[in-house]
Amino acid sequence: MPATLLVTWATRYGSTEEVAHAIADDLLRQGLAVNAQPMREVRSLERYNAIVLGCALYMGRLHKDARHFLASHRAELMQRPVALFVLGPIHADAKEFAEAEKQMKKELAKFPWFSPASQQVIGGRFDPERFGFPFNILPALRKIPANDARDWTAIHSWAGNLPSALRPSATR
Ligand SMILES: Cc1cc2nc3c(=O)[nH]c(=O)nc-3n(C[C@H](O)[C@H](O)[C@H](O)COP(=O)(O)O)c2cc1C
């Protein structure tokens with residue numbers, strides 16, 4: 001069966017990739033033909049009917065691979081339904097979520113043509129043990145306790161709604 005839906009991600013420490021795989025698995029279980037691939041390996045979107053993008057926030061910005069992906073696949077993304085999930089808040093804290101939402105919207109405002117059918121901020125994972133350069137040399141960051149704020153119930157619930165959210169707009 002040819003893959004018709006692409007789940008693609010941009011990650012630094014792997015938490016976004018784990019969420020992307022969970023979403024791809026859910027979509028497969030729902031009977032969709034899914035391909036899962038990191039954004040930096042995707043060359044063309046031509047074979048896909050719909051796209052799920054996932055990336056993390058770093059210093060208030062979308063991961064650079066995601067910014068690059070949006071810029072370089074603009075025409076293809078405009079022609080297909082797209083859903084976006086963005087990892088960020090490292091605690092289940094309403095203020096952190098509101099801040100991440102604000103950061104995501106500010107970043108997306110730089111791509112005014114981009115209009116996802118669904119977009120979702122998701123809690124992230126923070127673990128200073130995993131840091132490489134340059135974050136491993138920043139004492140303030142290393143002092144923050146590790147935490148995994150990914151809410152798997154919310155993630156599976158969002159994935160469950162994707163087939164209808166990603167239906168071509170004429171039939172939605
Ligand atoms: C150095 C650093 C900066 C971060 N900056 C932000 C930020 O500005 N906003 C936010 O909501 N989350 C921020 N986060 C949290 C990450 O988005 C979160 O840890 C995410 O799960 C990382 O994804 P990854 O493991 O796929 O790289 C930051 C994390 C690190 C380590």
# chains A, B, ... in the order shown; residues from 1 in each chain; ligands from 1
call {"tool": "residues_around", "arguments": {"residues": "Gln119 of chain A", "least_positions_apart": "2", "cutoff": "8 Å", "atoms": "only C-alpha atoms", "output": "list in words"}}
result
Ala83, Leu84, Phe85, Val86, Pro116, Ala117 and Val121 of chain A
call {"tool": "residues_near_ligand", "arguments": {"ligand": "ligand 1", "cutoff": "10 Å", "atoms": "only C-alpha atoms and all ligand atoms", "output": "PyMOL selection string"}}
result
chain A and resi 9-20+54-63+86-91+96-104+121-128+130-132+134-136+138+141-142+144+146-150
call {"tool": "residues_around", "arguments": {"residues": "Trp158 of chain A", "least_positions_apart": "5", "cutoff": "9 Å", "atoms": "only C-alpha atoms", "output": "list in words"}}
result
Ile23, Gln120 and Thr153 of chain A
call {"tool": "write_last_selection", "arguments": {"atoms": "C-alpha atoms", "output": "PDB file, in the first residue's frame"}}
result
ATOM      1  CA  ILE A  23       1.006   9.395  16.440  1.00  0.00           C
ATOM      2  CA  GLN A 120      -1.487  21.581  19.222  1.00  0.00           C
ATOM      3  CA  THR A 153      -3.662  10.545  26.807  1.00  0.00           C
TER       4      THR A 153
END
call {"tool": "atom_distance", "arguments": {"atom1": "atom CA of Thr4 of chain A", "atom2": "atom CA of Ala33 of chain A"}}
result
5.5 Å
call {"tool": "residues_around", "arguments": {"residues": "Val34 of chain A", "least_positions_apart": "2", "cutoff": "8 Å", "atoms": "only C-alpha atoms", "output": "number ranges by chain"}}
result
A: 3-7, 24, 27-28, 32, 36
call {"tool": "select_by_dssp", "arguments": {"residues": "segment 67-143 of chain A", "states": "alpha helix (DSSP H)", "output": "ChimeraX atom specification"}}
result
/A:67-72,74-78,94-108,139-142
call {"tool": "residues_around", "arguments": {"residues": "Pro81 of chain A", "least_positions_apart": "3", "cutoff": "12 Å", "atoms": "only C-alpha atoms", "output": "VMD selection string"}}
result
chain A and resid 4 to 6 45 48 to 53 76 to 78 84 114 to 119 162 to 172
call {"tool": "write_last_selection", "arguments": {"atoms": "N, CA, C and O atoms", "output": "compact mmCIF listing (two decimals), in the first residue's frame"}}
result
# COMPACT_ATOMS: atom_id res chain seq x y z
N THR A 4 0.32 7.43 2.10
CA THR A 4 -0.38 8.64 1.67
C THR A 4 -0.29 9.74 2.71
O THR A 4 -0.61 10.87 2.43
N LEU A 5 0.13 9.37 3.91
CA LEU A 5 0.21 10.37 4.97
C LEU A 5 1.64 10.37 5.52
O LEU A 5 2.20 9.32 5.82
N LEU A 6 2.21 11.55 5.64
CA LEU A 6 3.57 11.67 6.19
C LEU A 6 3.50 12.24 7.59
O LEU A 6 2.89 13.28 7.82
N LEU A 45 7.15 16.21 -0.99
CA LEU A 45 5.87 15.82 -0.38
C LEU A 45 4.90 15.31 -1.45
O LEU A 45 3.73 15.07 -1.16
N TYR A 48 2.41 12.43 -0.96
CA TYR A 48 1.55 12.43 0.23
C TYR A 48 0.29 13.25 0.02
O TYR A 48 0.32 14.31 -0.60
N ASN A 49 -0.81 12.74 0.62
CA ASN A 49 -2.08 13.48 0.57
C ASN A 49 -2.23 14.42 1.75
O ASN A 49 -3.02 15.35 1.71
N ALA A 50 -1.52 14.12 2.84
CA ALA A 50 -1.66 14.93 4.04
C ALA A 50 -0.38 14.79 4.87
O ALA A 50 0.34 13.79 4.75
N ILE A 51 -0.14 15.80 5.69
CA ILE A 51 1.14 15.85 6.42
C ILE A 51 0.87 16.16 7.89
O ILE A 51 0.07 17.05 8.20
N VAL A 52 1.58 15.46 8.78
CA VAL A 52 1.59 15.81 10.20
C VAL A 52 3.01 16.24 10.54
O VAL A 52 3.96 15.46 10.38
N LEU A 53 3.16 17.49 10.98
CA LEU A 53 4.47 18.04 11.32
C LEU A 53 4.59 18.13 12.85
O LEU A 53 3.65 18.56 13.51
N GLU A 76 4.13 22.88 -1.65
CA GLU A 76 3.51 21.57 -1.41
C GLU A 76 2.63 21.61 -0.15
O GLU A 76 1.58 20.97 -0.09
N LEU A 77 3.07 22.35 0.85
CA LEU A 77 2.28 22.42 2.09
C LEU A 77 1.00 23.19 1.88
O LEU A 77 -0.02 22.91 2.52
N MET A 78 1.03 24.15 0.97
CA MET A 78 -0.19 24.93 0.70
C MET A 78 -1.24 24.11 -0.03
O MET A 78 -2.43 24.43 0.00
N LEU A 84 -0.17 20.22 12.86
CA LEU A 84 1.11 20.57 13.51
C LEU A 84 1.02 20.32 15.01
O LEU A 84 0.06 20.76 15.66
N PHE A 114 0.82 29.67 5.90
CA PHE A 114 0.70 28.34 6.52
C PHE A 114 -0.53 28.30 7.42
O PHE A 114 -0.63 29.06 8.39
N SER A 115 -1.44 27.40 7.10
CA SER A 115 -2.70 27.38 7.81
C SER A 115 -3.08 25.94 8.17
O SER A 115 -3.84 25.28 7.47
N PRO A 116 -2.50 25.42 9.27
CA PRO A 116 -2.74 24.02 9.62
C PRO A 116 -4.21 23.76 9.94
O PRO A 116 -4.88 24.61 10.54
N ALA A 117 -4.69 22.59 9.54
CA ALA A 117 -6.06 22.20 9.86
C ALA A 117 -6.20 21.96 11.36
O ALA A 117 -7.29 22.07 11.91
N SER A 118 -5.10 21.60 12.01
CA SER A 118 -5.10 21.39 13.44
C SER A 118 -3.71 21.71 13.97
O SER A 118 -2.72 21.36 13.33
N GLN A 119 -3.65 22.39 15.09
CA GLN A 119 -2.33 22.65 15.69
C GLN A 119 -2.44 22.50 17.20
O GLN A 119 -3.46 22.86 17.79
N LEU A 162 -7.15 13.25 14.05
CA LEU A 162 -6.46 13.69 12.83
C LEU A 162 -7.13 13.25 11.53
O LEU A 162 -7.21 14.04 10.59
N PRO A 163 -7.60 11.99 11.43
CA PRO A 163 -8.19 11.59 10.15
C PRO A 163 -9.31 12.54 9.71
O PRO A 163 -9.39 12.90 8.53
N SER A 164 -10.14 12.99 10.63
CA SER A 164 -11.20 13.91 10.19
C SER A 164 -10.63 15.32 9.97
O SER A 164 -11.03 16.01 9.03
N ALA A 165 -9.69 15.74 10.81
CA ALA A 165 -9.11 17.09 10.62
C ALA A 165 -8.37 17.19 9.29
O ALA A 165 -8.34 18.26 8.67
N LEU A 166 -7.77 16.08 8.85
CA LEU A 166 -6.94 16.12 7.64
C LEU A 166 -7.70 15.77 6.36
O LEU A 166 -7.11 15.74 5.28
N ARG A 167 -8.98 15.50 6.50
CA ARG A 167 -9.78 15.23 5.30
C ARG A 167 -9.76 16.46 4.41
O ARG A 167 -9.79 17.59 4.92
N PRO A 168 -9.70 16.30 3.07
CA PRO A 168 -9.69 17.48 2.21
C PRO A 168 -10.87 18.39 2.55
O PRO A 168 -11.97 17.91 2.84
N SER A 169 -10.64 19.69 2.51
CA SER A 169 -11.63 20.63 3.04
C SER A 169 -12.99 20.52 2.37
O SER A 169 -14.01 20.79 2.99
N ALA A 170 -13.02 20.08 1.12
CA ALA A 170 -14.29 19.97 0.42
C ALA A 170 -15.24 18.99 1.11
O ALA A 170 -16.45 19.13 1.06
N THR A 171 -14.67 17.97 1.79
CA THR A 171 -15.53 16.96 2.40
C THR A 171 -15.54 17.06 3.91
O THR A 171 -16.16 16.28 4.59
N ARG A 172 -14.79 18.04 4.48
CA ARG A 172 -14.69 18.13 5.94
C ARG A 172 -16.00 18.56 6.57
O ARG A 172 -16.74 19.31 6.00
call {"tool": "atom_distance", "arguments": {"atom1": "atom CA of Arg29 of chain A", "atom2": "atom CA of Trp152 of chain A"}}
result
16.2 Å
call {"tool": "select_by_dssp", "arguments": {"residues": "chain A", "states": "strand (DSSP E)", "output": "number ranges by chain"}}
result
A: 5-10, 34-38, 50-58, 61-62, 82-87, 118-122, 125-126, 147-148
call {"tool": "write_last_selection", "arguments": {"atoms": "C-alpha atoms", "output": "tab-separated table (two decimals), in the first residue's frame"}}
result
chain	number	residue	atom	x	y	z
A	5	LEU	CA	0.21	10.37	4.97
A	6	LEU	CA	3.57	11.67	6.19
A	7	VAL	CA	4.38	12.12	9.87
A	8	THR	CA	7.60	14.11	10.07
A	9	TRP	CA	9.49	15.70	12.97
A	10	ALA	CA	12.34	17.96	14.02
A	34	VAL	CA	1.63	6.22	6.97
A	35	ASN	CA	5.27	7.04	6.43
A	36	ALA	CA	7.32	8.41	9.36
A	37	GLN	CA	10.52	10.30	8.66
A	38	PRO	CA	12.62	13.12	10.18
A	50	ALA	CA	-1.66	14.93	4.04
A	51	ILE	CA	1.14	15.85	6.42
A	52	VAL	CA	1.59	15.81	10.20
A	53	LEU	CA	4.47	18.04	11.32
A	54	GLY	CA	6.00	17.94	14.80
A	55	CYS	CA	8.78	20.01	16.34
A	56	ALA	CA	10.04	21.40	19.62
A	57	LEU	CA	10.37	24.98	20.80
A	58	TYR	CA	13.86	26.21	21.61
A	61	ARG	CA	11.58	29.52	18.28
A	62	LEU	CA	10.48	26.48	16.32
A	82	VAL	CA	-1.44	19.76	7.37
A	83	ALA	CA	-1.54	19.25	11.13
A	84	LEU	CA	1.11	20.57	13.51
A	85	PHE	CA	2.15	19.57	17.01
A	86	VAL	CA	4.71	21.56	18.96
A	87	LEU	CA	6.49	20.32	22.10
A	118	SER	CA	-5.10	21.39	13.44
A	119	GLN	CA	-2.33	22.65	15.69
A	120	GLN	CA	-1.49	21.58	19.22
A	121	VAL	CA	1.03	22.47	21.91
A	122	ILE	CA	2.18	19.32	23.73
A	125	ARG	CA	10.62	16.36	28.12
A	126	PHE	CA	13.49	18.16	29.79
A	147	ASN	CA	10.80	16.21	33.88
A	148	ASP	CA	8.65	14.57	31.25
call {"tool": "closest_residue", "arguments": {"among": "A:Glu129, A:Arg40, A:Glu46, A:Ala159", "to": "Arg80 of chain A", "atoms": "only C-alpha atoms"}}
result
A:Glu46
call {"tool": "atom_distance", "arguments": {"atom1": "atom CA of Arg47 of chain A", "atom2": "atom CA of Asn161 of chain A"}}
result
22.4 Å
call {"tool": "closest_residue", "arguments": {"among": "A:Gly31, A:Met39, A:Gly160, A:Pro139", "to": "His68 of chain A", "atoms": "only C-alpha atoms"}}
result
A:Met39
call {"tool": "decode", "arguments": {"residues": "segment 12-23 of chain A", "atoms": "all heavy atoms", "output": "short mmCIF file (atom, residue, chain, number, x, y, z; two decimals), in the first residue's frame"}}
result
data_model
loop_
_atom_site.label_atom_id
_atom_site.label_comp_id
_atom_site.auth_asym_id
_atom_site.auth_seq_id
_atom_site.Cartn_x
_atom_site.Cartn_y
_atom_site.Cartn_z
N ARG A 12 15.77 17.62 18.86
CA ARG A 12 17.15 17.73 19.29
C ARG A 12 17.48 16.57 20.23
O ARG A 12 18.50 15.93 20.11
CB ARG A 12 17.35 19.07 20.00
CG ARG A 12 18.78 19.41 20.21
CD ARG A 12 18.97 20.88 20.53
NE ARG A 12 20.40 21.10 20.64
CZ ARG A 12 21.05 22.14 20.16
NH1 ARG A 12 20.40 23.10 19.55
NH2 ARG A 12 22.34 22.24 20.31
N TYR A 13 16.56 16.28 21.16
CA TYR A 13 16.84 15.24 22.17
C TYR A 13 15.87 14.07 22.11
O TYR A 13 15.81 13.27 23.04
CB TYR A 13 16.85 15.87 23.56
CG TYR A 13 17.95 16.89 23.70
CD1 TYR A 13 17.67 18.24 23.87
CD2 TYR A 13 19.28 16.50 23.60
CE1 TYR A 13 18.69 19.17 23.96
CE2 TYR A 13 20.31 17.43 23.68
CZ TYR A 13 20.01 18.77 23.86
OH TYR A 13 21.02 19.69 23.95
N GLY A 14 15.09 13.96 21.05
CA GLY A 14 14.33 12.73 20.81
C GLY A 14 12.90 12.70 21.31
O GLY A 14 12.14 11.81 20.93
N SER A 15 12.51 13.64 22.17
CA SER A 15 11.14 13.52 22.72
C SER A 15 10.08 13.76 21.65
O SER A 15 9.03 13.12 21.64
CB SER A 15 10.94 14.46 23.92
OG SER A 15 11.12 15.80 23.56
N THR A 16 10.37 14.67 20.72
CA THR A 16 9.41 14.93 19.63
C THR A 16 9.31 13.71 18.71
O THR A 16 8.22 13.35 18.25
CB THR A 16 9.86 16.16 18.82
OG1 THR A 16 10.09 17.24 19.72
CG2 THR A 16 8.82 16.57 17.80
N GLU A 17 10.43 13.07 18.49
CA GLU A 17 10.43 11.87 17.63
C GLU A 17 9.57 10.77 18.25
O GLU A 17 8.80 10.09 17.56
CB GLU A 17 11.87 11.37 17.44
CG GLU A 17 11.92 10.11 16.59
CD GLU A 17 13.34 9.71 16.24
OE1 GLU A 17 14.29 10.42 16.62
OE2 GLU A 17 13.48 8.67 15.57
N GLU A 18 9.66 10.61 19.58
CA GLU A 18 8.85 9.57 20.24
C GLU A 18 7.36 9.88 20.09
O GLU A 18 6.56 8.97 19.86
CB GLU A 18 9.25 9.47 21.72
CG GLU A 18 10.62 8.85 21.90
CD GLU A 18 11.17 8.96 23.33
OE1 GLU A 18 10.45 9.44 24.23
OE2 GLU A 18 12.34 8.57 23.52
N VAL A 19 7.01 11.15 20.21
CA VAL A 19 5.61 11.54 20.04
C VAL A 19 5.18 11.28 18.59
O VAL A 19 4.10 10.74 18.33
CB VAL A 19 5.38 13.02 20.43
CG1 VAL A 19 3.97 13.46 20.08
CG2 VAL A 19 5.66 13.23 21.91
N ALA A 20 6.04 11.63 17.65
CA ALA A 20 5.72 11.43 16.22
C ALA A 20 5.45 9.94 15.94
O ALA A 20 4.50 9.60 15.23
CB ALA A 20 6.86 11.96 15.35
N HIS A 21 6.29 9.08 16.50
CA HIS A 21 6.09 7.64 16.27
C HIS A 21 4.79 7.15 16.89
O HIS A 21 4.09 6.31 16.32
CB HIS A 21 7.28 6.84 16.79
CG HIS A 21 8.46 6.86 15.86
ND1 HIS A 21 8.39 6.39 14.56
CD2 HIS A 21 9.71 7.32 16.01
CE1 HIS A 21 9.56 6.55 13.97
NE2 HIS A 21 10.38 7.13 14.81
N ALA A 22 4.47 7.68 18.07
CA ALA A 22 3.21 7.27 18.73
C ALA A 22 2.02 7.70 17.85
O ALA A 22 1.06 6.93 17.68
CB ALA A 22 3.11 7.90 20.11
N ILE A 23 2.10 8.90 17.30
CA ILE A 23 1.01 9.40 16.44
C ILE A 23 0.93 8.56 15.16
O ILE A 23 -0.16 8.14 14.73
CB ILE A 23 1.22 10.90 16.13
CG1 ILE A 23 0.98 11.73 17.40
CG2 ILE A 23 0.31 11.36 15.00
CD1 ILE A 23 1.38 13.19 17.29
#
